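Working notes, structure below.
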Amino acid sequence: MVSITAAQMDQGLTTLHPVRRGWPGGRGRGRRGFSMIEIMVAIGIILVLMAIGVLGFRYLEKASANKATHVGLANCEAMTAEYEAAGMAITTLQPNPPNSAIGFGDVAPGSSARSTAIVNTQAVMKLLLRVKQNETFYAGLPAKSFVDVNGTRQQVLADGWGNPIVFVPKNGILTSLGRKPDGSYTQINITITNPSGRPFWASAGPDGTFDGGDDNIYSFVK
């Protein structure tokens, strides 16, 4: 049996260390908070990353719309080629009536002109669908390839922004170029034709209007 004297107990008590209150590890120092500069730097980094993300999204969105538009224009060209391959004369794709004051390609400012262009495009599409191959191809296109008017699938293909792609006869498309800040144009009622002298298809571009055709996209432009 081991006995402890009073002197030994006193000596042991003097060697005990007081318990320090604080963070784990026995350190008495408190936790240091973030400074205002550090917070501002962190917020700045977050804002920069958000801006990069938004710009990247917009770029991808525009690239995707452009790609979809070119695919739609290529589809229209393919149907036209099938029409010719079937022995149908492409010269029959003319305005109705033939001497109409507003032809297929007349999309100058004004809803009536554009509406006529769309109606005429529908007429052309009906002619193209007389070819069996085109009818099969057309039926297999995804729903987003068509203009959706009040929930009804129209006989007009859509560009990447959901606007109608219009047919343009070989005499060209009528539009204005060089939109200025005041809304006027540097060139008014310019006729744009296919260099090959053939009919073509046109998209109004990102702004959805053929007024100021600087951003228009044509099927003969690769």
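To be explicit about the labels: the chains of the structure tokens are called A, B, and onward in the order shown, and within each one the residues are counted from 1, while ligands get numbers from 1 in the order they are shown.
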- Item | Polymer residues at most 12 Å from Ala86 in chain A, only C-alpha atoms, same-chain spacing of 6 or more positions, as a list in words | Met79, Thr80, Leu128, Leu129, Arg130, Val131, Lys132, Gln133 and Asn134 of chain A
Need the shell around Val71 in chain A: protein/DNA/RNA residues with any atom at most 12 Å away, counting only C-alpha atoms. Skip same-chain ones fewer than 2 positions apart. Format as a tab-separated table (two decimals) with N, CA and C atoms, in the first residue's frame?
```
chain	number	residue	atom	x	y	z
A	64	SER	N	-25.75	29.19	-80.40
A	64	SER	CA	-26.74	28.15	-80.60
A	64	SER	C	-27.84	28.61	-81.56
A	65	ALA	N	-28.30	29.86	-81.39
A	65	ALA	CA	-29.35	30.40	-82.27
A	65	ALA	C	-28.85	30.52	-83.70
A	66	ASN	N	-27.60	30.97	-83.86
A	66	ASN	CA	-27.03	31.08	-85.20
A	66	ASN	C	-26.94	29.71	-85.87
A	67	LYS	N	-26.50	28.73	-85.10
A	67	LYS	CA	-26.36	27.38	-85.65
A	67	LYS	C	-27.73	26.83	-86.06
A	68	ALA	N	-28.73	27.02	-85.19
A	68	ALA	CA	-30.08	26.54	-85.49
A	68	ALA	C	-30.63	27.22	-86.74
A	69	THR	N	-30.30	28.52	-86.91
A	69	THR	CA	-30.77	29.26	-88.08
A	69	THR	C	-30.16	28.72	-89.36
A	73	LEU	N	-32.05	27.08	-92.56
A	73	LEU	CA	-31.86	27.55	-93.92
A	73	LEU	C	-31.37	26.42	-94.83
A	74	ALA	N	-30.48	25.59	-94.28
A	74	ALA	CA	-29.98	24.44	-95.05
A	74	ALA	C	-31.10	23.45	-95.35
A	75	ASN	N	-32.01	23.27	-94.39
A	75	ASN	CA	-33.16	22.38	-94.61
A	75	ASN	C	-34.03	22.89	-95.76
A	76	CYS	N	-34.25	24.19	-95.76
A	76	CYS	CA	-35.06	24.79	-96.82
A	76	CYS	C	-34.38	24.63	-98.18
A	77	GLU	N	-33.07	24.85	-98.20
A	77	GLU	CA	-32.33	24.68	-99.45
A	77	GLU	C	-32.40	23.23	-99.93
A	78	ALA	N	-32.31	22.29	-98.99
A	78	ALA	CA	-32.37	20.87	-99.34
A	78	ALA	C	-33.72	20.51	-99.95
A	141	LEU	N	-39.10	16.62	-89.03
A	141	LEU	CA	-38.42	17.73	-88.35
A	141	LEU	C	-39.01	17.91	-86.94
A	145	SER	N	-38.61	23.36	-84.93
A	145	SER	CA	-38.18	23.84	-86.24
A	145	SER	C	-39.26	24.66	-86.93
A	157	LEU	N	-40.87	27.21	-91.60
A	157	LEU	CA	-39.80	26.87	-90.67
A	157	LEU	C	-39.35	28.11	-89.91
A	158	ALA	N	-38.85	27.88	-88.71
A	158	ALA	CA	-38.42	28.99	-87.85
A	158	ALA	C	-36.90	29.06	-87.79
A	159	ASP	N	-36.38	30.26	-87.52
A	159	ASP	CA	-34.95	30.41	-87.31
A	159	ASP	C	-34.62	30.16	-85.84
A	160	GLY	N	-33.41	30.42	-85.44
A	160	GLY	CA	-32.99	30.14	-84.06
A	160	GLY	C	-33.65	31.01	-83.02
A	165	ILE	N	-38.68	31.79	-91.33
A	165	ILE	CA	-37.74	31.87	-92.43
A	165	ILE	C	-38.56	32.07	-93.70
A	201	TRP	N	-33.39	31.58	-99.22
A	201	TRP	CA	-34.20	31.69	-98.01
A	201	TRP	C	-33.54	32.66	-97.04
A	203	SER	N	-33.47	34.73	-93.02
A	203	SER	CA	-33.85	34.90	-91.62
A	203	SER	C	-33.67	36.36	-91.25
A	217	ILE	N	-29.71	36.90	-92.10
A	217	ILE	CA	-28.93	35.71	-92.47
A	217	ILE	C	-29.58	35.07	-93.68
A	218	TYR	N	-28.78	34.83	-94.72
A	218	TYR	CA	-29.30	34.28	-95.96
A	218	TYR	C	-28.73	32.90	-96.22
A	219	SER	N	-29.51	32.07	-96.89
A	219	SER	CA	-29.10	30.68	-97.09
A	219	SER	C	-27.87	30.55	-97.98
A	222	LYS	N	-22.53	31.26	-96.06
A	222	LYS	CA	-22.08	30.15	-95.23
A	222	LYS	C	-21.39	30.66	-93.97
```
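CA of Val124 in chain A sits 10.2 Å away from CA of Pro169 in chain A.
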- Note on the structure: From CA of Thr193 in chain A to CA of Ile173 in chain A the spacing works out at 6.5 Å
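Residue nearest Ile192 in chain A within the list A:Gly205, A:Ser115, A:Arg179, A:Phe220: A:Phe220 [criterion: smallest interatomic distance, only C-alpha atoms].
Rounded to one decimal, CA of Ala63 in chain A and CA of Gly213 in chain A lie 18.9 Å from each other.
Distance annotation: of A:Ser35, A:Gln187, A:Thr209, A:Asn120, the residue with the minimal separation from Val168 in chain A is A:Asn120; atom set is only C-alpha atoms.
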Just the residues within 8 Å of Phe146 in chain A, please, counting only C-alpha atoms, with nothing from its chain fewer than 5 positions along; format it as a PDB file with N, CA and C atoms, in the first residue's frame.
```pdb
ATOM      1  N   ARG A 153     -48.932  24.448 -85.356  1.00  0.00           N
ATOM      2  CA  ARG A 153     -47.722  24.278 -86.159  1.00  0.00           C
ATOM      3  C   ARG A 153     -47.993  24.767 -87.572  1.00  0.00           C
ATOM      4  N   GLN A 154     -47.293  25.834 -87.970  1.00  0.00           N
ATOM      5  CA  GLN A 154     -47.485  26.423 -89.288  1.00  0.00           C
ATOM      6  C   GLN A 154     -46.567  25.782 -90.324  1.00  0.00           C
ATOM      7  N   GLN A 155     -46.918  25.943 -91.593  1.00  0.00           N
ATOM      8  CA  GLN A 155     -46.080  25.410 -92.660  1.00  0.00           C
ATOM      9  C   GLN A 155     -44.977  26.391 -93.021  1.00  0.00           C
ATOM     10  N   VAL A 156     -44.288  26.876 -91.994  1.00  0.00           N
ATOM     11  CA  VAL A 156     -43.153  27.767 -92.175  1.00  0.00           C
ATOM     12  C   VAL A 156     -42.104  27.380 -91.141  1.00  0.00           C
ATOM     13  N   LEU A 157     -40.868  27.212 -91.601  1.00  0.00           N
ATOM     14  CA  LEU A 157     -39.797  26.870 -90.674  1.00  0.00           C
ATOM     15  C   LEU A 157     -39.350  28.110 -89.911  1.00  0.00           C
ATOM     16  N   ALA A 158     -38.846  27.883 -88.712  1.00  0.00           N
ATOM     17  CA  ALA A 158     -38.419  28.987 -87.848  1.00  0.00           C
ATOM     18  C   ALA A 158     -36.897  29.064 -87.787  1.00  0.00           C
ATOM     19  N   GLY A 162     -36.973  31.735 -83.273  1.00  0.00           N
ATOM     20  CA  GLY A 162     -38.400  31.432 -83.334  1.00  0.00           C
ATOM     21  C   GLY A 162     -39.176  32.232 -84.347  1.00  0.00           C
ATOM     22  N   PRO A 164     -40.118  33.376 -88.440  1.00  0.00           N
ATOM     23  CA  PRO A 164     -40.244  32.637 -89.702  1.00  0.00           C
ATOM     24  C   PRO A 164     -39.093  32.869 -90.669  1.00  0.00           C
TER      25      PRO A 164
END
```
- Task: Name the residues of range 19-89 of chain A that come out as helix (DSSP H, G or I) in a backbone DSSP run; write them as JSON, numbers by chain.
- Result: {"A": [36, 37, 38, 39, 40, 41, 42, 43, 44, 45, 46, 47, 48, 49, 50, 51, 52, 53, 54, 55, 56, 57, 58, 59, 60, 61, 62, 63, 64, 65, 66, 67, 68, 69, 70, 71, 72, 73, 74, 75, 76, 77, 78, 79, 80, 81, 82, 83, 84, 85]}
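In this comparison, which uses only C-alpha atoms, the residue of A:Phe167, A:Gly212, A:Gly72, A:Gly87 approaching Ser184 in chain A most closely is A:Gly212.
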- Message: Please return, as a ChimeraX atom specification, all residues of range 49-203 of chain A that DSSP assigns to strand (DSSP E) on the basis of the backbone.
- Response: /A:146-149,152-157,166-168,173-179,185-192,200-203
- Item | Shortest interatomic distance to Met88 in chain A - which of A:Lys180, A:Pro206, A:Leu127, A:Ala42, counting only C-alpha atoms | A:Leu127
